[in-house]
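Novice: Below is the file my_file04.txt, which contains compact mmCIF, C-alpha atoms.
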```txt
# COMPACT_ATOMS: atom_id res chain seq x y z
CA GLY Y 20 0.00 0.00 0.00
CA ALA Y 21 0.87 3.65 -0.23
CA VAL Y 22 2.97 5.30 2.47
CA VAL Y 23 1.71 8.05 4.74
CA SER Y 24 4.17 9.56 7.18
CA GLN Y 25 3.17 11.46 10.28
CA HIS Y 26 5.47 13.60 12.38
CA PRO Y 27 6.16 13.80 15.23
CA SER Y 28 5.26 10.41 16.62
CA ARG Y 29 5.22 11.76 20.16
CA VAL Y 30 5.04 15.26 21.53
CA ILE Y 31 4.71 16.72 25.00
CA CYS Y 32 3.71 20.35 25.33
CA LYS Y 33 2.72 22.72 28.07
CA SER Y 34 -0.83 23.93 28.57
CA GLY Y 35 -1.56 27.04 26.55
CA THR Y 36 0.98 26.38 23.84
CA SER Y 37 0.34 25.26 20.28
CA VAL Y 38 1.62 22.16 18.58
CA LYS Y 39 1.74 21.26 14.91
CA ILE Y 40 1.42 17.74 13.51
CA GLU Y 41 2.39 16.96 9.93
CA CYS Y 42 0.92 14.33 7.64
CA ARG Y 43 2.71 13.57 4.37
CA SER Y 44 1.88 11.24 1.53
CA LEU Y 45 5.26 9.96 0.37
CA ASP Y 46 4.57 8.17 -2.88
CA PHE Y 47 1.28 9.56 -4.11
CA GLN Y 48 -0.59 12.83 -4.34
CA ALA Y 49 -3.33 13.06 -1.75
CA THR Y 50 -6.29 15.12 -2.85
CA THR Y 51 -8.01 14.38 0.45
CA MET Y 52 -6.63 13.93 3.94
CA PHE Y 53 -8.52 13.00 7.08
CA TRP Y 54 -7.72 13.66 10.72
CA TYR Y 55 -8.90 11.34 13.48
CA ARG Y 56 -8.56 11.40 17.24
CA GLN Y 57 -8.41 8.38 19.50
CA PHE Y 58 -8.67 8.55 23.27
CA PRO Y 59 -7.18 5.69 25.30
CA LYS Y 60 -8.98 2.41 24.83
CA GLN Y 61 -11.57 4.06 22.60
CA SER Y 62 -12.34 4.09 18.92
CA LEU Y 63 -11.22 6.56 16.28
CA MET Y 64 -13.37 9.61 15.72
CA LEU Y 65 -13.21 11.63 12.52
CA MET Y 66 -12.33 15.22 13.30
CA ALA Y 67 -12.13 16.80 9.89
CA THR Y 68 -11.68 16.25 6.18
CA SER Y 69 -9.39 18.43 4.13
CA ASN Y 70 -9.15 18.73 0.39
CA GLU Y 71 -6.08 20.27 -1.17
CA GLY Y 72 -6.50 23.99 -1.63
CA SER Y 73 -9.83 24.13 0.20
CA LYS Y 74 -10.94 24.83 3.73
CA ALA Y 75 -11.32 21.79 5.92
CA THR Y 76 -14.72 20.36 6.76
CA TYR Y 77 -15.05 19.76 10.48
CA GLU Y 78 -17.26 17.17 12.14
CA GLN Y 79 -19.88 18.27 14.61
CA GLY Y 80 -18.42 19.14 17.97
CA VAL Y 81 -14.89 19.78 16.70
CA GLU Y 82 -13.74 23.36 17.23
CA LYS Y 83 -12.25 24.64 14.00
CA ASP Y 84 -10.51 27.53 15.76
CA LYS Y 85 -8.79 25.14 18.11
CA PHE Y 86 -7.81 22.49 15.59
CA LEU Y 87 -6.41 24.33 12.60
CA ILE Y 88 -6.00 22.24 9.49
CA ASN Y 89 -4.02 23.28 6.46
CA HIS Y 90 -3.78 21.22 3.26
CA ALA Y 91 -1.65 23.50 1.17
CA SER Y 92 -0.13 20.91 -1.11
CA LEU Y 93 -1.00 17.50 -2.53
CA THR Y 94 1.46 15.79 -0.22
CA LEU Y 95 1.16 17.67 3.05
CA SER Y 96 -1.54 18.43 5.57
CA THR Y 97 -0.97 19.90 9.01
CA LEU Y 98 -3.04 19.89 12.16
CA THR Y 99 -2.26 22.59 14.68
CA VAL Y 100 -3.69 22.23 18.16
CA THR Y 101 -3.88 25.77 19.50
CA SER Y 102 -3.87 26.74 23.17
CA ALA Y 103 -3.59 23.11 24.13
CA HIS Y 104 -5.20 21.81 27.32
CA PRO Y 105 -4.67 18.50 29.12
CA GLU Y 106 -7.98 17.25 27.76
CA ASP Y 107 -6.54 17.56 24.25
CA SER Y 108 -4.10 14.79 25.12
CA SER Y 109 -4.87 12.02 22.70
CA PHE Y 110 -3.60 9.92 19.80
CA TYR Y 111 -4.05 11.83 16.53
CA ILE Y 112 -4.01 9.84 13.29
CA CYS Y 113 -4.15 11.11 9.75
CA SER Y 114 -5.08 9.26 6.60
CA ALA Y 115 -4.60 10.26 2.99
CA ARG Y 116 -6.42 9.33 -0.18
CA GLU Y 117 -5.38 9.85 -3.77
CA VAL Y 118 -8.78 10.08 -5.42
CA VAL Y 119 -12.41 9.48 -4.52
CA ASN Y 120 -13.49 5.84 -4.17
CA THR Y 121 -10.00 4.64 -3.35
CA GLU Y 122 -8.68 3.46 -0.03
CA ALA Y 123 -7.22 6.01 2.36
CA PHE Y 124 -3.95 5.00 4.04
CA PHE Y 125 -3.14 5.79 7.65
CA GLY Y 126 -0.12 7.48 9.13
CA GLN Y 127 1.71 6.18 12.18
CA GLY Y 128 -0.15 8.48 14.56
CA THR Y 129 1.00 11.17 16.97
CA ARG Y 130 0.73 10.78 20.71
CA LEU Y 131 0.09 14.24 22.16
CA THR Y 132 0.47 14.81 25.87
CA VAL Y 133 -0.39 18.22 27.28
CA VAL Y 134 1.00 18.88 30.74
CA GLU Z 30 -26.31 9.32 11.25
CA LEU Z 31 -24.25 6.24 10.54
CA LYS Z 32 -23.78 3.86 13.43
CA VAL Z 33 -21.32 1.01 13.44
CA GLU Z 34 -21.69 -1.62 16.14
CA GLN Z 35 -19.13 -4.25 16.84
CA ASN Z 36 -19.40 -7.23 19.10
CA PRO Z 37 -17.99 -8.57 21.19
CA LEU Z 38 -15.96 -5.63 22.51
CA PHE Z 39 -13.70 -7.94 24.44
CA LEU Z 40 -12.74 -11.50 23.66
CA SER Z 41 -10.38 -13.81 25.43
CA MET Z 42 -9.77 -17.12 23.74
CA GLN Z 43 -7.33 -19.97 23.68
CA GLU Z 44 -4.95 -20.77 20.91
CA GLY Z 45 -6.34 -23.17 18.37
CA LYS Z 46 -9.94 -22.08 18.76
CA ASN Z 47 -12.17 -20.42 16.18
CA TYR Z 48 -14.19 -17.28 16.72
CA THR Z 49 -16.11 -14.58 14.87
CA ILE Z 50 -16.33 -10.83 15.36
CA TYR Z 51 -19.47 -9.13 14.10
CA CYS Z 52 -19.91 -5.67 12.64
CA ASN Z 53 -23.34 -4.17 12.02
CA TYR Z 54 -23.87 -0.80 10.38
CA SER Z 55 -26.97 1.30 10.03
CA THR Z 56 -26.78 2.99 6.63
CA THR Z 57 -25.87 1.97 3.13
CA SER Z 58 -22.23 2.64 2.41
CA ASP Z 59 -19.80 2.04 -0.40
CA ARG Z 60 -17.31 -0.07 1.43
CA LEU Z 61 -16.38 -1.75 4.68
CA TYR Z 62 -12.90 -2.05 6.18
CA TRP Z 63 -11.27 -4.20 8.81
CA TYR Z 64 -8.21 -2.93 10.65
CA ARG Z 65 -5.88 -4.25 13.26
CA GLN Z 66 -4.33 -2.02 15.92
CA ASP Z 67 -1.53 -3.05 18.25
CA PRO Z 68 -1.04 -1.12 21.52
CA GLY Z 69 0.40 2.34 20.92
CA LYS Z 70 0.40 1.85 17.16
CA SER Z 71 -1.63 3.10 14.25
CA LEU Z 72 -3.96 1.02 12.09
CA GLU Z 73 -2.97 -1.84 9.84
CA SER Z 74 -5.36 -2.45 6.97
CA LEU Z 75 -6.58 -6.04 6.83
CA PHE Z 76 -9.46 -6.14 4.37
CA VAL Z 77 -11.53 -3.90 2.13
CA LEU Z 78 -14.93 -5.29 1.21
CA LEU Z 79 -16.74 -3.64 -1.65
CA SER Z 80 -19.74 -5.69 -2.63
CA ASN Z 81 -22.45 -7.95 -1.30
CA GLY Z 82 -21.19 -11.45 -0.76
CA ALA Z 83 -17.56 -10.41 -0.81
CA VAL Z 84 -15.27 -12.80 1.04
CA LYS Z 85 -11.57 -12.25 1.58
CA GLN Z 86 -9.04 -14.40 3.38
CA GLU Z 87 -5.54 -13.76 4.61
CA GLY Z 88 -3.91 -16.45 6.69
CA ARG Z 89 -6.11 -17.29 9.67
CA LEU Z 90 -8.43 -14.32 9.10
CA MET Z 91 -11.44 -14.28 6.81
CA ALA Z 92 -13.83 -11.38 6.31
CA SER Z 93 -17.23 -11.36 4.65
CA LEU Z 94 -19.85 -8.79 3.81
CA ASP Z 95 -23.63 -9.01 3.56
CA THR Z 96 -24.85 -5.60 2.42
CA LYS Z 97 -28.51 -6.57 2.63
CA ALA Z 98 -28.17 -7.43 6.29
CA ARG Z 99 -25.62 -4.61 6.77
CA LEU Z 100 -23.36 -7.10 8.46
CA SER Z 101 -19.72 -8.00 8.15
CA THR Z 102 -17.89 -10.74 9.99
CA LEU Z 103 -14.24 -11.32 10.75
CA HIS Z 104 -13.59 -14.99 11.38
CA ILE Z 105 -10.50 -16.24 13.12
CA THR Z 106 -9.46 -19.82 12.48
CA ALA Z 107 -7.19 -21.75 14.82
CA ALA Z 108 -6.13 -18.63 16.66
CA VAL Z 109 -2.49 -18.03 17.55
CA HIS Z 110 -1.05 -15.65 20.14
CA ASP Z 111 0.28 -13.26 17.47
CA LEU Z 112 -3.27 -12.36 16.52
CA SER Z 113 -3.82 -10.67 19.89
CA ALA Z 114 -4.72 -7.05 19.09
CA THR Z 115 -7.69 -4.71 18.80
CA TYR Z 116 -9.72 -5.14 15.63
CA PHE Z 117 -11.86 -2.36 14.19
CA CYS Z 118 -14.41 -2.39 11.44
CA ALA Z 119 -15.10 0.88 9.67
CA VAL Z 120 -17.62 2.01 7.12
CA GLY Z 121 -17.53 4.84 4.62
CA PRO Z 122 -17.72 7.07 2.83
CA LEU Z 123 -21.42 7.78 2.99
CA ARG Z 124 -23.23 8.83 -0.14
CA GLY Z 125 -24.12 12.44 0.42
CA GLY Z 126 -22.59 12.33 3.87
CA ALA Z 127 -19.27 12.30 5.62
CA ASP Z 128 -16.34 11.45 3.41
CA GLY Z 129 -14.27 9.82 6.13
CA LEU Z 130 -14.73 6.55 7.95
CA THR Z 131 -17.01 5.73 10.86
CA PHE Z 132 -15.44 3.17 13.15
CA GLY Z 133 -16.90 0.58 15.45
CA LYS Z 134 -15.75 0.59 19.06
CA GLY Z 135 -13.26 -2.15 18.42
CA THR Z 136 -12.85 -5.71 19.64
CA HIS Z 137 -10.01 -6.24 22.07
CA LEU Z 138 -8.81 -9.76 21.38
CA ILE Z 139 -6.55 -11.68 23.71
CA ILE Z 140 -5.36 -15.10 22.65
CA GLN Z 141 -3.87 -17.13 25.42
CA PRO Z 142 -1.35 -19.91 24.85
```
Step by step, read the file and then write its structure as structure tokens.
Specialist:
Amino acid sequence: GAVVSQHPSRVICKSGTSVKIECRSLDFQATTMFWYRQFPKQSLMLMATSNEGSKATYEQGVEKDKFLINHASLTLSTLTVTSAHPEDSSFYICSAREVVNTEAFFGQGTRLTVV
Amino acid sequence: ELKVEQNPLFLSMQEGKNYTIYCNYSTTSDRLYWYRQDPGKSLESLFVLLSNGAVKQEGRLMASLDTKARLSTLHITAAVHDLSATYFCAVGPLRGGADGLTFGKGTHLIIQP
């Protein structure tokens, strides 16, 4: 399958600071990227969908001003958690898809801990 | 709203035994996925099921899809310890709805020697 790389794999930040997570498609051009969040021992929840060059579409209950998503190129999307709080601590996973009706491939995930 | 229900949520079994994980979903969707997740890791794609009656097998795992019943199963044959993990089914995208995947709660599988 195609390769999606996420960076960093782990990050610890202080409350009130911002942290940026990168999601890159390494061997294909991703017209669509998805961001999911997974709390410990829970399932994955879709946060937002981003299409290259367009504003992201956020799922209900996800604050777009807190979770800034940028999909400026066909190989890179970023998620910035602004003014992080301990309750934002979670496992964030991106996936990327080349075209509609094809499988999206998942990155390795980023473990965010806010202290 | 699409709902995806998996059961059981927790399963402890002995090596050599067979078992089935069930995944029910509430709305017509284009495709169904099965993933494996090891602790602290991301998702590993196991199967993509696209049509009614689809059956796919890889090693000791076999997945099937019944779109009329909105049911998929993941069958484990002669389980081995290495298959211990959490297994998720996911459905999507929805026609006219969310483009991403909706996941079940996952089945935490422990296979004891």
Novice: May I ask for the distance between atom CA of Z:Glu44 and atom CA of Z:Val77, given in Å to one decimal place?
Specialist: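 Atom CA of Z:Glu44 sits 26.1 Å away from atom CA of Z:Val77.
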Novice: With a distance cut-off of 10 Å and all atoms listed in the file, select the neighbouring residues of Z:Asp95, excluding the residue or stretch itself and same-chain residues fewer than 2 positions from it, and output the selection as a list in words.
Specialist: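 Contacts, in chain order: Asn53, Leu78, Ser80, Asn81, Gly82, Ala83, Val84, Ser93, Lys97, Ala98, Arg99, Leu100, Ser101 and Thr102 of chain Z.
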Novice: Can I get the selection written as a PDB file, keeping the file's coordinate frame, with C-alpha atoms?
Specialist:
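Result saved to again-v2.pdb:
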```pdb
ATOM      1  CA  ASN Z  53     -23.340  -4.170  12.020  1.00  0.00           C
ATOM      2  CA  LEU Z  78     -14.930  -5.290   1.210  1.00  0.00           C
ATOM      3  CA  SER Z  80     -19.740  -5.690  -2.630  1.00  0.00           C
ATOM      4  CA  ASN Z  81     -22.450  -7.950  -1.300  1.00  0.00           C
ATOM      5  CA  GLY Z  82     -21.190 -11.450  -0.760  1.00  0.00           C
ATOM      6  CA  ALA Z  83     -17.560 -10.410  -0.810  1.00  0.00           C
ATOM      7  CA  VAL Z  84     -15.270 -12.800   1.040  1.00  0.00           C
ATOM      8  CA  SER Z  93     -17.230 -11.360   4.650  1.00  0.00           C
ATOM      9  CA  LYS Z  97     -28.510  -6.570   2.630  1.00  0.00           C
ATOM     10  CA  ALA Z  98     -28.170  -7.430   6.290  1.00  0.00           C
ATOM     11  CA  ARG Z  99     -25.620  -4.610   6.770  1.00  0.00           C
ATOM     12  CA  LEU Z 100     -23.360  -7.100   8.460  1.00  0.00           C
ATOM     13  CA  SER Z 101     -19.720  -8.000   8.150  1.00  0.00           C
ATOM     14  CA  THR Z 102     -17.890 -10.740   9.990  1.00  0.00           C
TER      15      THR Z 102
END
```
Novice: May I have the protein, DNA and RNA residues with any atom at most 6 Å from the point (-1.9, 12.1, 16.5), counting only C-alpha atoms, written as a list in words?
Specialist: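 All residues meeting the 6 Å criterion around (-1.9, 12.1, 16.5) are Phe110, Tyr111, Ile112, Gly128, Thr129 and Arg130 of chain Y.
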Novice: Could you tell me how far atom CA of Y:Ala49 lies from atom CA of Y:Glu122, in Å and to one decimal?
Specialist: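 Atom CA of Y:Glu122 lies at a distance of 11.1 Å from atom CA of Y:Ala49.
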Novice: If we count all atoms listed in the file and set the cut-off at 10 Å, which residues sit around stretch 73-83 of chain Y, ignoring sequence neighbours fewer than 3 positions away in its own chain? Please answer as a list in words.
Specialist: Thr51, Met52, Phe53, Trp54, Met64, Leu65, Met66, Ala67, Thr68, Ser69, Asn70, Phe86, Leu87, Ile88, Asn89, His90, Ala91 and Val100 of chain Y; Ala127, Asp128 and Gly129 of chain Z
Novice: Atoms to include: C-alpha atoms. Write the selected residues as a compact mmCIF listing (two decimals), keeping the file's coordinate frame.
Specialist:
```
# COMPACT_ATOMS: atom_id res chain seq x y z
CA THR Y 51 -8.01 14.38 0.45
CA MET Y 52 -6.63 13.93 3.94
CA PHE Y 53 -8.52 13.00 7.08
CA TRP Y 54 -7.72 13.66 10.72
CA MET Y 64 -13.37 9.61 15.72
CA LEU Y 65 -13.21 11.63 12.52
CA MET Y 66 -12.33 15.22 13.30
CA ALA Y 67 -12.13 16.80 9.89
CA THR Y 68 -11.68 16.25 6.18
CA SER Y 69 -9.39 18.43 4.13
CA ASN Y 70 -9.15 18.73 0.39
CA PHE Y 86 -7.81 22.49 15.59
CA LEU Y 87 -6.41 24.33 12.60
CA ILE Y 88 -6.00 22.24 9.49
CA ASN Y 89 -4.02 23.28 6.46
CA HIS Y 90 -3.78 21.22 3.26
CA ALA Y 91 -1.65 23.50 1.17
CA VAL Y 100 -3.69 22.23 18.16
CA ALA Z 127 -19.27 12.30 5.62
CA ASP Z 128 -16.34 11.45 3.41
CA GLY Z 129 -14.27 9.82 6.13
```
Novice: Write out as a PyMOL selection string the residues lying within 12 Å of stretch 106-114 of chain Z, counting all atoms listed in the file and excluding same-chain residues fewer than 6 positions away.
Specialist: (chain Y and resi 60) or (chain Z and resi 38-50+64-73+86-92+135-142)
Novice: Can you tell me how far atom CA of Z:Thr96 sits from atom CA of Z:Val120, in Å to one decimal?
Specialist: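 For atom CA of Z:Thr96 relative to atom CA of Z:Val120, the distance reads 11.5 Å.
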Novice: Let me make sure I understand: among Y:His104, Y:Lys39, Y:Arg56, Y:Lys85, which one has the smallest atom-to-atom distance to chain Z if we use all atoms listed in the file?
Specialist: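 Answer, going by the shortest atom-to-atom distance: Y:Arg56.
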Novice: When distances are computed from all atoms listed in the file, which of Y:Ile31, Y:Leu98, Y:Val23, Y:Val38 shows the smallest separation from chain Z?
Specialist: Y:Val23
Novice: Could you check which of Y:Leu93, Y:Leu131, Y:Val22, Y:Leu63 is closest to chain Z, using all atoms listed in the file?
Specialist: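 Counting all atoms listed in the file, the residue closest to chain Z is Y:Leu63.
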Novice: If you count all atoms listed in the file, which residues fall within 9 Å of Y:Ser44, apart from same-chain ones fewer than 4 positions away, as number ranges by chain?
Specialist: Y: 21-25, 48-49, 93-96, 114-116, 124, 126
Novice: Please provide the set of residues having any atom within 7 Å of Y:Ser108, restricted to only C-alpha atoms, with same-chain residues fewer than 2 positions apart removed, written as an MDAnalysis selection string.
Specialist: chainID Y and resid 105:106 131:133
Novice: Between Y:Ser109, Y:Gln57, Y:Ser62, Y:Ser102, which is the closest to chain Z once you count all atoms listed in the file?
Specialist: Y:Ser62
Novice: I need the residue nearest chain Z from this list: Y:Thr101, Y:Gln127, Y:Ser28, Y:Thr121. Use only C-alpha atoms for the distance.
Specialist: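 Of all the options, Y:Gln127 lies closest to chain Z.
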